[in-house]
file target.txt (compact mmCIF, C-alpha atoms and all ligand atoms)
# COMPACT_ATOMS: atom_id res chain seq x y z
CA MET A 1 32.08 20.83 -6.44
CA CYS A 2 33.89 18.69 -8.92
CA LEU A 3 34.74 15.35 -7.39
CA SER A 4 36.18 12.48 -9.25
CA LYS A 5 35.47 9.28 -7.38
CA THR A 6 34.09 7.97 -4.18
CA GLN A 7 36.57 7.54 -1.34
CA ASN A 8 36.74 3.84 -1.94
CA ALA A 9 39.12 3.67 -4.88
CA LYS A 10 38.09 0.12 -5.65
CA MET A 11 34.47 1.03 -6.19
CA GLU A 12 33.48 1.50 -9.76
CA PHE A 13 31.35 4.54 -9.15
CA PHE A 14 32.41 7.57 -11.11
CA LEU A 15 30.94 10.97 -10.80
CA VAL A 16 29.99 13.68 -13.20
CA VAL A 17 29.24 17.32 -12.54
CA PHE A 18 26.62 19.16 -14.53
CA GLU A 19 26.05 22.77 -15.17
CA ILE A 20 22.59 24.11 -15.74
CA LYS A 21 23.28 27.84 -15.97
CA GLU A 22 23.69 28.20 -19.71
CA LEU A 23 20.97 25.80 -20.53
CA GLY A 24 17.62 27.09 -19.59
CA VAL A 25 15.29 24.12 -19.85
CA LEU A 26 13.92 21.74 -17.31
CA TYR A 27 10.57 20.18 -16.62
CA TYR A 28 8.40 20.31 -13.60
CA TRP A 29 6.71 17.05 -12.70
CA VAL A 30 3.85 16.64 -10.32
CA PHE A 31 5.54 14.01 -8.17
CA PHE A 32 8.59 16.13 -7.38
CA TRP A 33 10.81 14.35 -9.74
CA CYS A 34 11.99 16.54 -12.47
CA TYR A 35 12.59 15.73 -16.09
CA LEU A 36 15.50 17.53 -17.50
CA CYS A 37 18.37 17.79 -19.82
CA ARG A 38 21.80 19.06 -18.87
CA VAL A 39 25.29 19.78 -20.08
CA VAL A 40 28.32 18.08 -18.56
CA GLU A 41 30.51 20.60 -16.75
CA SER A 42 33.30 18.15 -15.96
CA VAL A 43 33.80 14.44 -15.58
CA GLY A 44 35.49 12.54 -12.83
CA GLU A 45 38.60 10.44 -13.10
CA GLY A 46 38.00 7.23 -15.00
CA VAL A 47 34.90 8.42 -16.85
CA GLU A 48 35.38 7.55 -20.48
CA GLU A 49 31.90 7.56 -21.92
CA LEU A 50 31.33 11.31 -21.45
CA LYS A 51 33.26 14.54 -21.81
CA ASP A 52 32.80 18.21 -20.92
CA GLY A 53 30.08 19.87 -22.97
CA ASP A 54 28.13 16.68 -23.74
CA THR A 55 24.34 16.97 -23.57
CA VAL A 56 22.89 14.37 -21.24
CA ILE A 57 19.69 13.37 -19.50
CA PRO A 58 19.55 11.79 -16.07
CA ALA A 59 17.77 8.43 -16.01
CA LEU A 60 15.66 6.91 -13.27
CA ILE A 61 17.69 3.72 -13.35
CA ALA A 62 21.16 2.55 -14.37
CA GLU A 63 22.52 -0.36 -16.36
CA CYS A 64 25.81 -2.20 -15.73
CA LYS A 65 25.48 -4.67 -18.65
CA GLU A 66 27.10 -7.35 -16.47
CA CYS A 67 24.92 -8.41 -13.55
CA LEU A 68 22.62 -11.41 -13.63
CA ASN A 69 19.64 -9.24 -14.55
CA CYS A 70 21.32 -6.90 -17.05
CA SER A 71 22.72 -9.86 -18.98
CA SER A 72 19.47 -11.87 -18.84
CA GLY A 73 17.90 -9.90 -21.70
CA ARG A 74 14.65 -10.08 -19.76
CA THR A 75 14.67 -7.16 -17.38
CA ASN A 76 16.06 -3.65 -16.90
CA LYS A 77 16.33 -4.04 -13.13
CA CYS A 78 20.07 -3.71 -12.62
CA LEU A 79 21.43 -5.30 -9.46
CA LYS A 80 24.80 -3.57 -9.43
CA PHE A 81 23.46 0.00 -9.51
CA PRO A 82 20.15 -0.02 -7.64
CA VAL A 83 18.08 3.15 -7.37
CA SER A 84 19.32 4.92 -4.25
CA LEU A 85 16.58 5.86 -1.82
CA SER A 86 18.96 7.15 0.86
CA GLY A 87 19.37 10.49 -0.90
CA LEU A 88 23.14 10.13 -0.65
CA MET A 89 26.04 9.39 -2.96
CA PRO A 90 27.48 5.84 -2.98
CA ASP A 91 30.01 6.87 -0.31
CA GLN A 92 27.07 7.95 1.91
CA THR A 93 27.87 11.65 1.72
CA SER A 94 26.08 14.49 -0.06
CA ARG A 95 27.67 16.80 -2.61
CA MET A 96 24.94 19.42 -2.27
CA SER A 97 24.27 22.17 0.19
CA VAL A 98 22.38 25.41 0.49
CA LYS A 99 23.64 28.12 2.84
CA GLY A 100 25.88 25.58 4.49
CA GLN A 101 23.15 23.03 5.11
CA MET A 102 23.45 19.55 3.60
CA LEU A 103 20.86 18.52 1.00
CA TYR A 104 19.70 15.09 -0.11
CA HIS A 105 19.14 13.71 -3.61
CA MET A 106 15.69 12.74 -4.86
CA PHE A 107 16.24 9.18 -6.06
CA THR A 108 19.71 9.04 -7.54
CA CYS A 109 19.85 12.33 -9.45
CA SER A 110 18.90 15.66 -7.99
CA THR A 111 17.51 17.69 -10.77
CA PHE A 112 16.65 21.06 -9.31
CA CYS A 113 20.09 22.34 -8.38
CA GLU A 114 22.45 24.49 -10.35
CA PHE A 115 25.15 21.85 -10.35
CA MET A 116 24.69 18.22 -9.57
CA VAL A 117 27.12 15.39 -9.01
CA VAL A 118 25.82 12.16 -10.46
CA ASN A 119 26.99 8.61 -10.85
CA VAL A 120 27.80 8.31 -14.56
CA ASN A 121 25.73 5.14 -14.81
CA PHE A 122 22.59 7.19 -14.23
CA VAL A 123 22.98 9.50 -17.21
CA VAL A 124 22.41 8.99 -20.92
CA LYS A 125 24.18 10.97 -23.61
CA VAL A 126 21.86 12.55 -26.16
CA ASP A 127 22.42 13.81 -29.68
CA PRO A 128 22.87 17.61 -29.42
CA LYS A 129 20.60 17.91 -32.48
CA LEU A 130 17.69 16.97 -30.21
CA PRO A 131 15.99 20.15 -28.91
CA LEU A 132 16.52 20.43 -25.16
CA PRO A 133 12.80 20.42 -24.24
CA HIS A 134 12.39 17.18 -26.19
CA ALA A 135 15.40 15.64 -24.48
CA SER A 136 13.87 16.56 -21.12
CA LEU A 137 10.71 14.63 -21.96
CA LEU A 138 12.81 11.51 -22.48
CA SER A 139 14.34 11.47 -19.00
CA CYS A 140 11.29 9.75 -17.54
CA GLY A 141 7.64 9.89 -18.62
CA PHE A 142 7.62 9.62 -22.39
CA SER A 143 10.34 6.95 -22.33
CA THR A 144 8.60 4.98 -19.59
CA GLY A 145 5.38 4.94 -21.63
CA PHE A 146 7.14 4.13 -24.88
CA GLY A 147 8.97 1.23 -23.23
CA MET A 148 5.82 -0.43 -21.90
CA PRO A 149 4.71 -1.93 -25.25
CA TRP A 150 8.25 -1.91 -26.71
CA LYS A 151 10.41 -3.50 -23.99
CA GLU A 152 8.18 -4.60 -21.11
CA ALA A 153 5.33 -6.27 -23.03
CA LYS A 154 7.17 -6.68 -26.36
CA ILE A 155 3.87 -6.55 -28.23
CA GLU A 156 3.48 -8.21 -31.63
CA LYS A 157 2.53 -6.40 -34.81
CA GLY A 158 -1.26 -6.28 -35.19
CA SER A 159 -1.91 -6.41 -31.43
CA THR A 160 -4.84 -4.54 -29.92
CA VAL A 161 -3.94 -2.19 -27.07
CA ALA A 162 -5.66 -0.08 -24.40
CA VAL A 163 -3.83 2.77 -22.67
CA PHE A 164 -5.32 4.13 -19.42
CA GLY A 165 -4.34 7.75 -18.72
CA LEU A 166 -3.14 10.05 -21.47
CA GLY A 167 -0.59 12.13 -19.56
CA GLY A 168 3.13 12.14 -20.29
CA VAL A 169 3.48 8.39 -19.72
CA GLY A 170 0.27 7.42 -21.54
CA THR A 171 1.21 9.52 -24.58
CA GLY A 172 4.52 7.62 -24.70
CA ALA A 173 2.68 4.27 -24.46
CA ILE A 174 0.48 5.27 -27.42
CA ALA A 175 3.54 6.25 -29.46
CA GLY A 176 5.26 2.97 -28.55
CA ALA A 177 2.24 0.83 -29.47
CA HIS A 178 1.93 2.73 -32.77
CA CYS A 179 5.63 2.15 -33.57
CA MET A 180 5.28 -1.56 -32.79
CA GLY A 181 2.46 -1.81 -35.35
CA ALA A 182 -0.56 -2.16 -33.06
CA SER A 183 -3.76 -2.45 -35.10
CA LYS A 184 -5.99 -0.71 -32.57
CA ILE A 185 -4.94 1.68 -29.80
CA ILE A 186 -7.72 2.68 -27.42
CA GLY A 187 -6.92 5.61 -25.12
CA VAL A 188 -8.84 6.21 -21.87
CA ASP A 189 -8.89 9.49 -19.96
CA LEU A 190 -11.34 11.47 -17.84
CA ILE A 191 -10.24 14.69 -19.50
CA GLN A 192 -11.58 15.23 -23.00
CA ASN A 193 -8.77 17.67 -23.94
CA LYS A 194 -6.15 14.93 -23.69
CA LYS A 195 -7.43 13.16 -26.76
CA GLN A 196 -6.13 15.56 -29.44
CA THR A 197 -2.48 14.97 -28.59
CA ALA A 198 -3.06 11.23 -28.18
CA TYR A 199 -4.54 11.01 -31.70
CA ALA A 200 -1.43 12.80 -32.99
CA PHE A 201 0.73 10.05 -31.45
CA GLY A 202 -1.26 7.15 -32.94
CA MET A 203 -4.36 6.57 -30.81
CA THR A 204 -7.19 5.14 -32.92
CA ASP A 205 -10.13 5.25 -30.44
CA PHE A 206 -10.91 7.27 -27.32
CA ILE A 207 -13.01 6.49 -24.24
CA ASN A 208 -14.03 9.04 -21.62
CA PRO A 209 -15.24 6.94 -18.63
CA ASN A 210 -17.64 9.76 -17.69
CA GLU A 211 -19.55 9.25 -20.92
CA LEU A 212 -20.31 5.54 -20.60
CA ASP A 213 -23.73 5.86 -18.90
CA GLY A 214 -22.64 3.62 -16.03
CA ARG A 215 -21.12 0.91 -18.22
CA SER A 216 -17.63 -0.22 -17.18
CA ILE A 217 -14.55 0.86 -19.16
CA SER A 218 -13.59 -2.78 -19.71
CA ASP A 219 -17.01 -3.51 -21.24
CA ALA A 220 -16.63 -0.52 -23.54
CA ILE A 221 -13.21 -1.80 -24.62
CA LYS A 222 -14.61 -5.28 -25.25
CA ASP A 223 -17.34 -3.73 -27.43
CA MET A 224 -14.60 -2.16 -29.54
CA THR A 225 -12.69 -5.44 -29.92
CA GLY A 226 -15.28 -7.97 -31.07
CA GLY A 227 -16.51 -8.63 -27.51
CA LEU A 228 -13.27 -10.24 -26.34
CA GLY A 229 -10.96 -7.50 -25.10
CA VAL A 230 -7.50 -6.26 -26.06
CA ASN A 231 -4.27 -8.26 -26.24
CA TYR A 232 -2.47 -5.71 -24.01
CA SER A 233 -3.46 -2.99 -21.56
CA PHE A 234 -1.25 -0.38 -19.94
CA ASP A 235 -2.03 1.56 -16.77
CA CYS A 236 -0.54 5.04 -16.82
CA THR A 237 -2.79 6.58 -14.14
CA GLY A 238 -1.77 5.17 -10.76
CA VAL A 239 -5.48 5.07 -9.89
CA PRO A 240 -6.31 1.76 -8.08
CA SER A 241 -9.79 1.33 -9.61
CA VAL A 242 -8.20 1.56 -13.05
CA PHE A 243 -5.91 -1.45 -12.37
CA ASN A 244 -8.88 -3.82 -12.23
CA GLU A 245 -10.49 -2.30 -15.31
CA ALA A 246 -7.20 -2.58 -17.18
CA ILE A 247 -6.98 -6.29 -16.33
CA GLU A 248 -10.64 -6.99 -17.18
CA ALA A 249 -10.21 -5.21 -20.52
CA THR A 250 -7.74 -7.84 -21.79
CA LEU A 251 -8.42 -11.17 -23.48
CA GLU A 252 -9.02 -14.14 -21.22
CA GLY A 253 -6.21 -16.68 -21.47
CA THR A 254 -3.62 -14.47 -23.15
CA GLY A 255 -4.22 -10.89 -21.98
CA VAL A 256 -1.27 -9.00 -20.49
CA THR A 257 -1.52 -5.86 -18.34
CA VAL A 258 1.49 -3.71 -17.45
CA ILE A 259 1.18 -1.13 -14.67
CA VAL A 260 3.57 1.74 -13.98
CA GLY A 261 1.23 4.21 -12.28
CA THR A 262 2.10 4.59 -8.60
CA PRO A 263 -0.90 4.84 -6.26
CA LYS A 264 -0.69 7.18 -3.27
CA GLU A 265 -1.54 4.30 -0.90
CA PRO A 266 0.91 1.42 -0.33
CA THR A 267 -1.85 -1.20 -0.66
CA VAL A 268 -4.93 -0.92 -2.86
CA PRO A 269 -8.15 -2.94 -3.41
CA PHE A 270 -7.60 -5.58 -6.03
CA SER A 271 -9.83 -8.39 -7.36
CA PRO A 272 -7.72 -11.45 -8.16
CA GLY A 273 -10.59 -13.27 -9.88
CA ALA A 274 -10.00 -11.48 -13.18
CA LEU A 275 -6.44 -12.81 -13.15
CA ILE A 276 -7.10 -16.32 -11.84
CA HIS A 277 -10.30 -17.28 -13.67
CA GLY A 278 -9.40 -15.07 -16.61
CA VAL A 279 -5.91 -16.64 -16.83
CA ARG A 280 -4.39 -13.23 -17.47
CA THR A 281 -0.97 -11.76 -16.71
CA LEU A 282 -0.23 -8.64 -14.62
CA LYS A 283 3.20 -7.10 -14.71
CA GLY A 284 4.86 -4.11 -13.05
CA SER A 285 7.51 -1.98 -14.67
CA ILE A 286 10.06 0.71 -13.96
CA PHE A 287 11.08 3.02 -16.81
CA GLY A 288 8.97 0.83 -19.14
CA GLY A 289 11.57 -1.93 -19.15
CA ILE A 290 13.99 0.34 -21.02
CA LYS A 291 17.71 -0.12 -20.40
CA PRO A 292 19.23 3.37 -20.36
CA GLN A 293 22.46 2.51 -22.15
CA SER A 294 21.33 -0.26 -24.52
CA ASP A 295 17.87 0.96 -25.49
CA MET A 296 17.76 4.74 -25.22
CA PRO A 297 19.95 5.50 -28.28
CA ALA A 298 17.29 3.98 -30.59
CA LEU A 299 14.51 6.03 -29.00
CA ILE A 300 16.64 9.20 -29.05
CA ALA A 301 17.32 8.63 -32.78
CA LYS A 302 13.57 8.43 -33.46
CA CYS A 303 13.12 11.76 -31.68
CA VAL A 304 15.99 13.38 -33.59
CA ASN A 305 14.30 12.17 -36.80
CA LYS A 306 11.10 13.91 -35.63
CA GLU A 307 9.05 10.70 -35.71
CA PHE A 308 6.86 12.11 -32.91
CA GLN A 309 5.29 15.52 -32.47
CA LEU A 310 6.99 16.10 -29.13
CA ASP A 311 6.28 19.84 -29.29
CA ARG A 312 2.65 19.02 -28.64
CA MET A 313 3.57 17.65 -25.21
CA VAL A 314 5.08 20.96 -24.10
CA THR A 315 1.81 22.78 -23.50
CA HIS A 316 3.15 25.48 -21.17
CA LYS A 317 6.40 27.35 -20.67
CA ILE A 318 7.25 29.44 -17.61
CA ALA A 319 10.30 31.10 -16.09
CA LEU A 320 11.99 29.59 -13.04
CA ASP A 321 10.89 32.61 -10.99
CA ASP A 322 7.26 31.66 -11.68
CA ILE A 323 7.73 28.03 -10.64
CA ASN A 324 4.92 28.18 -8.09
CA ASP A 325 2.45 28.85 -10.91
CA ALA A 326 3.25 25.37 -12.25
CA PHE A 327 1.16 23.88 -9.45
CA GLN A 328 -1.89 25.62 -10.90
CA LEU A 329 -1.00 25.05 -14.55
CA ILE A 330 -0.61 21.30 -14.09
CA LYS A 331 -4.27 21.11 -13.00
CA GLN A 332 -5.55 22.72 -16.19
CA PRO A 333 -7.27 20.28 -18.56
CA ASP A 334 -5.12 21.31 -21.51
CA CYS A 335 -1.82 20.86 -19.64
CA LEU A 336 0.46 17.96 -20.49
CA LYS A 337 3.90 19.25 -19.45
CA VAL A 338 5.08 22.57 -18.06
CA CYS A 339 8.49 23.57 -19.32
CA ILE A 340 10.45 25.63 -16.80
CA GLU A 341 12.99 27.86 -18.47
CA ILE A 342 15.85 28.52 -16.08
CA ASN A 343 16.81 31.77 -17.77
CA GLY A 344 13.25 32.61 -18.77
CA LYS A 345 11.79 36.05 -18.08
CA SER A 346 9.26 36.16 -15.26
CA ALA A 347 5.73 37.19 -16.26
CA SER A 348 5.24 39.21 -13.08
N1 LIG A 401 7.09 3.10 -12.95
C1 LIG A 401 7.73 4.09 -13.54
O1 LIG A 401 8.87 3.94 -13.97
C2 LIG A 401 7.05 5.41 -13.70
C3 LIG A 401 7.67 6.41 -14.46
C4 LIG A 401 6.99 7.60 -14.67
C5 LIG A 401 5.73 7.78 -14.12
N2 LIG A 401 5.17 6.80 -13.36
C6 LIG A 401 3.78 6.94 -12.84
O2 LIG A 401 2.91 6.95 -13.94
C7 LIG A 401 1.72 7.68 -13.64
C8 LIG A 401 1.39 8.66 -14.76
O3 LIG A 401 2.39 9.66 -14.86
P1 LIG A 401 2.14 10.93 -15.81
O4 LIG A 401 3.34 11.78 -15.72
O5 LIG A 401 1.69 10.48 -17.16
O6 LIG A 401 0.93 11.63 -15.04
P2 LIG A 401 -0.17 12.63 -15.62
O7 LIG A 401 -0.83 13.23 -14.46
O8 LIG A 401 0.43 13.51 -16.68
O9 LIG A 401 -1.21 11.67 -16.40
C9 LIG A 401 -2.19 10.90 -15.76
C10 LIG A 401 -3.44 10.91 -16.65
O10 LIG A 401 -4.38 9.97 -16.13
C11 LIG A 401 -5.67 10.54 -16.23
N3 LIG A 401 -6.54 9.88 -15.25
C12 LIG A 401 -6.61 10.10 -13.92
N4 LIG A 401 -7.54 9.31 -13.36
C13 LIG A 401 -8.07 8.57 -14.36
C14 LIG A 401 -9.09 7.58 -14.42
N5 LIG A 401 -9.73 7.18 -13.30
N6 LIG A 401 -9.37 7.04 -15.62
C15 LIG A 401 -8.74 7.44 -16.73
N7 LIG A 401 -7.77 8.38 -16.75
C16 LIG A 401 -7.44 8.94 -15.57
C17 LIG A 401 -5.46 12.02 -15.98
O11 LIG A 401 -6.51 12.81 -16.51
C18 LIG A 401 -4.13 12.26 -16.70
O12 LIG A 401 -4.32 12.66 -18.05
C19 LIG A 401 1.99 8.34 -12.29
O13 LIG A 401 1.33 7.56 -11.29
C20 LIG A 401 3.48 8.23 -12.12
O14 LIG A 401 3.85 8.15 -10.76
C21 LIG A 401 5.80 5.62 -13.15
C1 LIG A 402 17.37 -10.60 -11.20
O1 LIG A 402 18.07 -10.73 -9.98
C2 LIG A 402 17.30 -11.28 -8.92
C3 LIG A 402 18.13 -11.22 -7.65
O2 LIG A 402 19.35 -11.87 -7.81
C4 LIG A 402 16.87 -12.70 -9.28
O3 LIG A 402 16.04 -13.21 -8.26
C5 LIG A 402 16.11 -12.65 -10.59
O4 LIG A 402 15.77 -13.96 -11.00
C6 LIG A 402 16.93 -11.98 -11.67
N1 LIG A 402 16.14 -11.89 -12.90
C7 LIG A 402 16.53 -12.40 -14.06
C8 LIG A 402 15.57 -12.23 -15.23
O5 LIG A 402 17.59 -12.96 -14.23
C1 LIG A 403 -4.78 -10.65 -30.20
O1 LIG A 403 -6.11 -11.05 -30.03
C2 LIG A 403 -6.72 -11.67 -31.15
C3 LIG A 403 -8.14 -11.98 -30.77
O2 LIG A 403 -8.85 -10.78 -30.54
C4 LIG A 403 -5.95 -12.91 -31.54
O3 LIG A 403 -6.50 -13.45 -32.73
C5 LIG A 403 -4.50 -12.57 -31.76
O4 LIG A 403 -3.75 -13.75 -31.98
C6 LIG A 403 -3.96 -11.87 -30.52
N1 LIG A 403 -2.60 -11.47 -30.74
C7 LIG A 403 -1.69 -11.77 -29.87
C8 LIG A 403 -0.34 -11.26 -30.21
O5 LIG A 403 -1.90 -12.42 -28.88
ZN ZN A 404 23.22 -4.63 -14.02
call {"tool": "encode", "arguments": {"input": "target.txt", "output": "structure tokens"}}
result
Amino acid sequence: MCLSKTQNAKMEFFLVVFEIKELGVLYYWVFFWCYLCRVVESVGEGVEELKDGDTVIPALIAECKECLNCSSGRTNKCLKFPVSLSGLMPDQTSRMSVKGQMLYHMFTCSTFCEFMVVNVNFVVKVDPKLPLPHASLLSCGFSTGFGMPWKEAKIEKGSTVAVFGLGGVGTGAIAGAHCMGASKIIGVDLIQNKKQTAYAFGMTDFINPNELDGRSISDAIKDMTGGLGVNYSFDCTGVPSVFNEAIEATLEGTGVTVIVGTPKEPTVPFSPGALIHGVRTLKGSIFGGIKPQSDMPALIAKCVNKEFQLDRMVTHKIALDDINDAFQLIKQPDCLKVCIEINGKSAS
């Protein structure tokens, strides 16, 4: 399965093959995208940035460092290497099959197969000192959350922040806001159990919307911030009703809301008044504004230095054979991430 380049020799797409066998760690994610960490089995012709045996994580997006957007310093939305939704390699073929039948990628990297062929621009090399489960967390959720205050909103020291949803992404957003020197970090989640981990990552106040006696979340946040609201709010739920609350929770005139949560419906109810009359800003984000090649090394270094208690995010571990149990585990109130060990021993 080791291929070096696409058929078009002029194209600058190079391919890398990964081996998962000896590794044993990947993460199940509820939206069928999988966080994981892998070892390079072989690299294609022309690949210089990686070699066999390197530990890498696949990233949601790529970075060319050259296109209009990459060089703007203002966005991580690369134009040269867009996220592929066709499920195919750049040459429009698939490198995967099962029992002779062709398979498609999910986004640009397919993370559930034994070997995968990936465009080198969609992987990030990680320090082998980083434990593999921690590296897995960085391939999407934690990094996305961390990037929201760090790269997308670029919050100032002393800012007040509200984070809606304390899952994998929200926990990252709390850690990011804490690192950027936020003075107050209010976490919001319907599940009480989520607050312990969030406090460990830097949350200063917690709101459970079920305990507000009918008051709105935004009003509760204003009460905690001298009646005015927070400088920044981050939606990490994907729940439409939360978007409006997140906007209303920010300061009129200067408030900024960043949303990454993806609702199930393509269009959702939205009240523009809070933006127009409130003169607030609403921004979307992919991967928290993080550029995989330019920005990830700094975040990886923080994780290697154990600046975050990433172990606390790995609440469950199961063997690959028990993968179906993950669907139940993920619904448990104390579950943050389920680690699937490829070589793990089945419980049954
Ligand atoms: N744009 C991107 O690049 C990007 C990247 C990763 C994830 N996402 C999206 O981010 C969202 C969060 O991902 P995750 O992995 O953290 O999910 P998760 O399920 O681990 O966390 C979501 C949290 O939100 C809480 N929640 C649900 N409804 C709520 C409500 N009404 N009020 C307050 N809290 C509520 C849940 O209890 C849970 O703790 C998803 O929608 C996902 O699709 C986007
Ligand atoms: C990114 O590229 C798009 C499409 O060319 C362009 O419209 C947009 O202004 C660019 N963004 C930046 C910040 O340069
Ligand atoms: C945050 O809000 C406070 C008012 O609550 C304001 O004094 C401060 O300047 C704001 N900070 C930023 C970075 O906007
Ligand atoms: Zn680019």
call {"tool": "residues_near_ligand", "arguments": {"input": "target.txt", "ligand": "ligand LIG 402 (chain A)", "cutoff": "7 Å", "atoms": "all atoms listed in the file", "output": "MDAnalysis selection string"}}
result
chainID A and resid 68:69 72 74:75 77 79
call {"tool": "residues_near_ligand", "arguments": {"input": "target.txt", "ligand": "ligand LIG 403 (chain A)", "cutoff": "6 Å", "atoms": "only C-alpha atoms and all ligand atoms", "output": "ChimeraX atom specification"}}
result
/A:156,159,231
call {"tool": "residues_around", "arguments": {"input": "target.txt", "residues": "segment 92-96 of chain A", "least_positions_apart": "6", "cutoff": "8 Å", "atoms": "all atoms listed in the file", "output": "list in words"}}
result
Met1, Met102, Leu103, Tyr104, His105, Met116 and Val117 of chain A
call {"tool": "closest_residue", "arguments": {"input": "target.txt", "among": "A:Lys291, A:Lys283, A:Gly141, A:Gly170", "to": "ligand ZN 404 (chain A)", "atoms": "only C-alpha atoms and all ligand atoms"}}
result
A:Lys291
call {"tool": "closest_residue", "arguments": {"input": "target.txt", "among": "A:Cys335, A:Tyr199, A:Val47, A:Ala249", "to": "Leu275 of chain A", "atoms": "only C-alpha atoms"}}
result
A:Ala249
call {"tool": "closest_residue", "arguments": {"input": "target.txt", "among": "A:Leu336, A:Ile221, A:Cys179, A:Leu212", "to": "Val163 of chain A", "atoms": "all atoms listed in the file"}}
result
A:Ile221
call {"tool": "closest_residue", "arguments": {"input": "target.txt", "among": "A:Ser271, A:Asn208, A:Gln293, A:Thr262", "to": "ligand ZN 404 (chain A)", "atoms": "all atoms listed in the file"}}
result
A:Gln293
call {"tool": "residues_near_ligand", "arguments": {"input": "target.txt", "ligand": "ligand ZN 404 (chain A)", "cutoff": "9 Å", "atoms": "only C-alpha atoms and all ligand atoms", "output": "list in words"}}
result
Ala62, Glu63, Cys64, Lys65, Glu66, Cys67, Leu68, Asn69, Cys70, Ser71, Asn76, Lys77, Cys78, Leu79, Lys80, Phe81 and Pro82 of chain A
call {"tool": "closest_atom_pairs", "arguments": {"input": "target.txt", "of": "chain A", "to": "ligand LIG 401 (chain A)", "cutoff": "8 Å", "atoms": "only C-alpha atoms and all ligand atoms", "output": "Markdown table"}}
result
| residue | atom | partner | partner_atom | distance |
| --- | --- | --- | --- | --- |
| A:Trp29 | CA | A:LIG401 | O4 | 6.9 |
| A:Val30 | CA | A:LIG401 | O7 | 7.1 |
| A:Phe31 | CA | A:LIG401 | O14 | 6.6 |
| A:Leu60 | CA | A:LIG401 | O1 | 7.4 |
| A:Cys140 | CA | A:LIG401 | C4 | 5.6 |
| A:Gly141 | CA | A:LIG401 | C4 | 4.6 |
| A:Phe142 | CA | A:LIG401 | O5 | 8.0 |
| A:Thr144 | CA | A:LIG401 | C3 | 5.4 |
| A:Gly145 | CA | A:LIG401 | C4 | 7.6 |
| A:Phe164 | CA | A:LIG401 | C15 | 5.5 |
| A:Gly165 | CA | A:LIG401 | O10 | 3.4 |
| A:Leu166 | CA | A:LIG401 | O12 | 4.5 |
| A:Gly167 | CA | A:LIG401 | O9 | 3.3 |
| A:Gly168 | CA | A:LIG401 | O5 | 3.8 |
| A:Val169 | CA | A:LIG401 | O5 | 3.8 |
| A:Gly170 | CA | A:LIG401 | O5 | 5.5 |
| A:Thr171 | CA | A:LIG401 | O5 | 7.5 |
| A:Val188 | CA | A:LIG401 | C15 | 5.3 |
| A:Asp189 | CA | A:LIG401 | N7 | 3.6 |
| A:Leu190 | CA | A:LIG401 | N7 | 4.8 |
| A:Ile191 | CA | A:LIG401 | O11 | 5.1 |
| A:Lys194 | CA | A:LIG401 | O12 | 6.3 |
| A:Asn208 | CA | A:LIG401 | C15 | 7.4 |
| A:Pro209 | CA | A:LIG401 | N6 | 6.6 |
| A:Asp235 | CA | A:LIG401 | C7 | 7.8 |
| A:Cys236 | CA | A:LIG401 | C8 | 4.6 |
| A:Thr237 | CA | A:LIG401 | O10 | 4.2 |
| A:Gly238 | CA | A:LIG401 | O13 | 4.0 |
| A:Val239 | CA | A:LIG401 | N5 | 5.8 |
| A:Ser241 | CA | A:LIG401 | N5 | 6.9 |
| A:Val242 | CA | A:LIG401 | N5 | 5.8 |
| A:Ile259 | CA | A:LIG401 | N1 | 7.5 |
| A:Val260 | CA | A:LIG401 | N1 | 3.9 |
| A:Gly261 | CA | A:LIG401 | O13 | 3.5 |
| A:Thr262 | CA | A:LIG401 | O13 | 4.1 |
| A:Pro263 | CA | A:LIG401 | O13 | 6.1 |
| A:Gly284 | CA | A:LIG401 | N1 | 7.5 |
| A:Ser285 | CA | A:LIG401 | N1 | 5.4 |
| A:Ile286 | CA | A:LIG401 | O1 | 3.4 |
| A:Phe287 | CA | A:LIG401 | O1 | 3.7 |
| A:Gly288 | CA | A:LIG401 | O1 | 6.0 |
| A:Pro333 | CA | A:LIG401 | O11 | 7.8 |
| A:Leu336 | CA | A:LIG401 | O8 | 5.9 |
| A:Lys337 | CA | A:LIG401 | O8 | 7.3 |
call {"tool": "atom_distance", "arguments": {"input": "target.txt", "atom1": "atom CA of Lys184 of chain A", "atom2": "atom CA of Gly226 of chain A"}}
result
11.9 Å
call {"tool": "closest_residue", "arguments": {"input": "target.txt", "among": "A:Gly181, A:Gly344, A:Pro240, A:Gly53", "to": "Asp322 of chain A", "atoms": "only C-alpha atoms"}}
result
A:Gly344
call {"tool": "residues_around", "arguments": {"input": "target.txt", "residues": "Ala319 of chain A", "least_positions_apart": "5", "cutoff": "8 Å", "atoms": "all atoms listed in the file", "output": "number ranges by chain"}}
result
A: 340-347
call {"tool": "atom_distance", "arguments": {"input": "target.txt", "atom1": "atom CA of Ile276 of chain A", "atom2": "atom CA of Asp213 of chain A"}}
result
28.6 Å
